[in-house]
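Written below as structure tokens is the structure these notes are about.
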Amino acid sequence: MKRLTHIGANGEARMVDVSSKPVQRRQAVARGEIRLQKETLNLIETQTIAKGNVLATARVAGIQAAKKCGELIPLCHPLPITHCEVNFEIPKNRDRVVITASAKIAAQTGVEMEALTAVSVAALTIYDMCKAADKKMRITDIKLVSKTKQ
């Protein structure tokens with residue numbers, strides 16, 4: 001197991017110094033899902049949720065969250081991401097919305113936290129907008145799918 005880079009020699013939390021690392025193009029992709037009832041999915045698709053267009057709002061919320069990741073998570077570096085995309089898929093069994101987010105940057109550190117944050121906040125936004133209609137929703141399986149650097 002690798003040593004934890006955010007923990008100092010005396011066990012204190014610390015921000016990792018990336019100043020000596022080269023600037024590289026980096027991309028990360030994360031995925032998660034929100035499980036919900038078919039009736040709720042119908043309300044989302046017909047845009048009859050009282051709070052408005054659920055997926056459009058969740059997309060903007062996810063992108064906004066990725067841009068603010070360094071403000072939300074104490075030891076994350078504030079990063080000027082160059083691109084973030086949030087997409088939704090509804091599987092044939094119609095019991096969930098799968099959320100995929102990608103983030104890109106040219107920097108000295110990766111953007112996996114930004115992609116994960118985008119998925120998380122998009123899922124939370126769907127939950128918030130649909131909570132009056134569905135008390136059984138569950139946000140699950142948020143994970144990093146890939147990260148690359150060039």
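Residue numbers start at 1 in each chain; chains themselves are named A, B, ... in the order of the structure tokens; ligands are numbered from 1 in the order shown.
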**OP:** Find the residues around A:Ile49 up to 10 Å (only C-alpha atoms counted), leave out those fewer than 2 positions away in its own chain, and share them as a list of chain:residue names.
**Re:**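 Listed by chain and then number, they are A:Thr40, A:Leu41, A:Asn42, A:Leu43, A:Ile44, A:Glu45, A:Thr46, A:Gln47, A:Lys51, A:Gly52, A:Asn53, A:Val54, A:Met129, A:Cys130, A:Lys131, A:Ala132, A:Ala133.
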I need the chosen residues saved as a tab-separated table (two decimals), in the first residue's frame, with N, CA, C and O atoms.
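Saved as part.tsv:
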chain	number	residue	atom	x	y	z
A	40	THR	N	-41.16	8.00	-10.99
A	40	THR	CA	-40.32	9.19	-10.85
A	40	THR	C	-39.57	9.46	-12.14
A	40	THR	O	-39.46	10.62	-12.59
A	41	LEU	N	-39.08	8.41	-12.76
A	41	LEU	CA	-38.38	8.55	-14.03
A	41	LEU	C	-39.32	9.12	-15.10
A	41	LEU	O	-38.92	9.97	-15.89
A	42	ASN	N	-40.56	8.69	-15.09
A	42	ASN	CA	-41.54	9.24	-16.03
A	42	ASN	C	-41.74	10.74	-15.80
A	42	ASN	O	-41.84	11.51	-16.76
A	43	LEU	N	-41.80	11.14	-14.54
A	43	LEU	CA	-41.94	12.57	-14.22
A	43	LEU	C	-40.73	13.36	-14.71
A	43	LEU	O	-40.87	14.48	-15.23
A	44	ILE	N	-39.56	12.79	-14.55
A	44	ILE	CA	-38.33	13.46	-15.02
A	44	ILE	C	-38.37	13.61	-16.54
A	44	ILE	O	-38.12	14.69	-17.07
A	45	GLU	N	-38.70	12.53	-17.24
A	45	GLU	CA	-38.69	12.55	-18.71
A	45	GLU	C	-39.77	13.46	-19.29
A	45	GLU	O	-39.55	14.06	-20.35
A	46	THR	N	-40.90	13.57	-18.63
A	46	THR	CA	-41.97	14.44	-19.13
A	46	THR	C	-41.86	15.86	-18.58
A	46	THR	O	-42.72	16.70	-18.85
A	47	GLN	N	-40.82	16.10	-17.81
A	47	GLN	CA	-40.54	17.40	-17.19
A	47	GLN	C	-41.75	17.92	-16.41
A	47	GLN	O	-42.12	19.09	-16.51
A	51	LYS	N	-40.18	21.20	-9.51
A	51	LYS	CA	-39.03	22.11	-9.45
A	51	LYS	C	-38.43	22.42	-10.82
A	51	LYS	O	-37.53	23.24	-10.91
A	52	GLY	N	-38.89	21.73	-11.88
A	52	GLY	CA	-38.39	22.05	-13.22
A	52	GLY	C	-37.67	20.91	-13.90
A	52	GLY	O	-37.83	19.74	-13.54
A	53	ASN	N	-36.87	21.25	-14.89
A	53	ASN	CA	-36.14	20.27	-15.69
A	53	ASN	C	-35.02	19.67	-14.86
A	53	ASN	O	-33.97	20.29	-14.63
A	54	VAL	N	-35.22	18.44	-14.43
A	54	VAL	CA	-34.32	17.80	-13.48
A	54	VAL	C	-32.93	17.56	-14.07
A	54	VAL	O	-31.92	17.92	-13.46
A	129	MET	N	-34.49	17.46	-6.28
A	129	MET	CA	-35.61	17.87	-7.13
A	129	MET	C	-36.75	16.86	-7.14
A	129	MET	O	-37.88	17.21	-7.44
A	130	CYS	N	-36.44	15.60	-6.81
A	130	CYS	CA	-37.45	14.53	-6.88
A	130	CYS	C	-37.90	14.02	-5.52
A	130	CYS	O	-38.75	13.13	-5.44
A	131	LYS	N	-37.36	14.55	-4.44
A	131	LYS	CA	-37.64	13.98	-3.11
A	131	LYS	C	-39.10	14.04	-2.71
A	131	LYS	O	-39.57	13.19	-1.96
A	132	ALA	N	-39.86	14.99	-3.22
A	132	ALA	CA	-41.28	15.05	-2.90
A	132	ALA	C	-42.06	13.92	-3.57
A	132	ALA	O	-43.08	13.47	-3.06
A	133	ALA	N	-41.56	13.44	-4.71
A	133	ALA	CA	-42.24	12.40	-5.47
A	133	ALA	C	-41.77	10.99	-5.13
A	133	ALA	O	-42.48	10.02	-5.38
**OP:** Please identify all polymer residues within 12 Å of A:Gly110, counting only C-alpha atoms, omitting same-chain residues fewer than 4 positions from it, and present them as a list in words.
**Re:** Val18, Lys21, Pro22, Val23, Gln24, Arg25, Arg26, Gln27, Ala28, Val29, Cys76, His77, Pro78, Leu79, Pro80, Ile81, Ser102, Ala103, Lys104, Ile105, Ala106, Glu114, Ala115, Leu116, Ser146, Lys147, Thr148, Lys149 and Gln150 of chain A
Original post:
Contacts of A:Cys69 at 8 Å or less, counting only C-alpha atoms, minus same-chain residues fewer than 2 places along, as a PyMOL selection string?
Top reply: chain A and resi 65-67+71-73+76+78+113-114+117
Original post:
Hey, what does DSSP flag as strand (DSSP E or B) within stretch 9-142 of chain A? Can you give it to me as a ChimeraX atom specification?
Top reply: /A:13,24-35,83-89,96-107,138-142
**OP:** Give the answer as one residue: which of A:Val86, A:Ala56, A:Leu124, A:Leu75 has the shortest atom-to-atom distance to A:Asp17, using only C-alpha atoms?
**Re:**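 The shortest atom-to-atom distance to A:Asp17 comes from A:Leu75.
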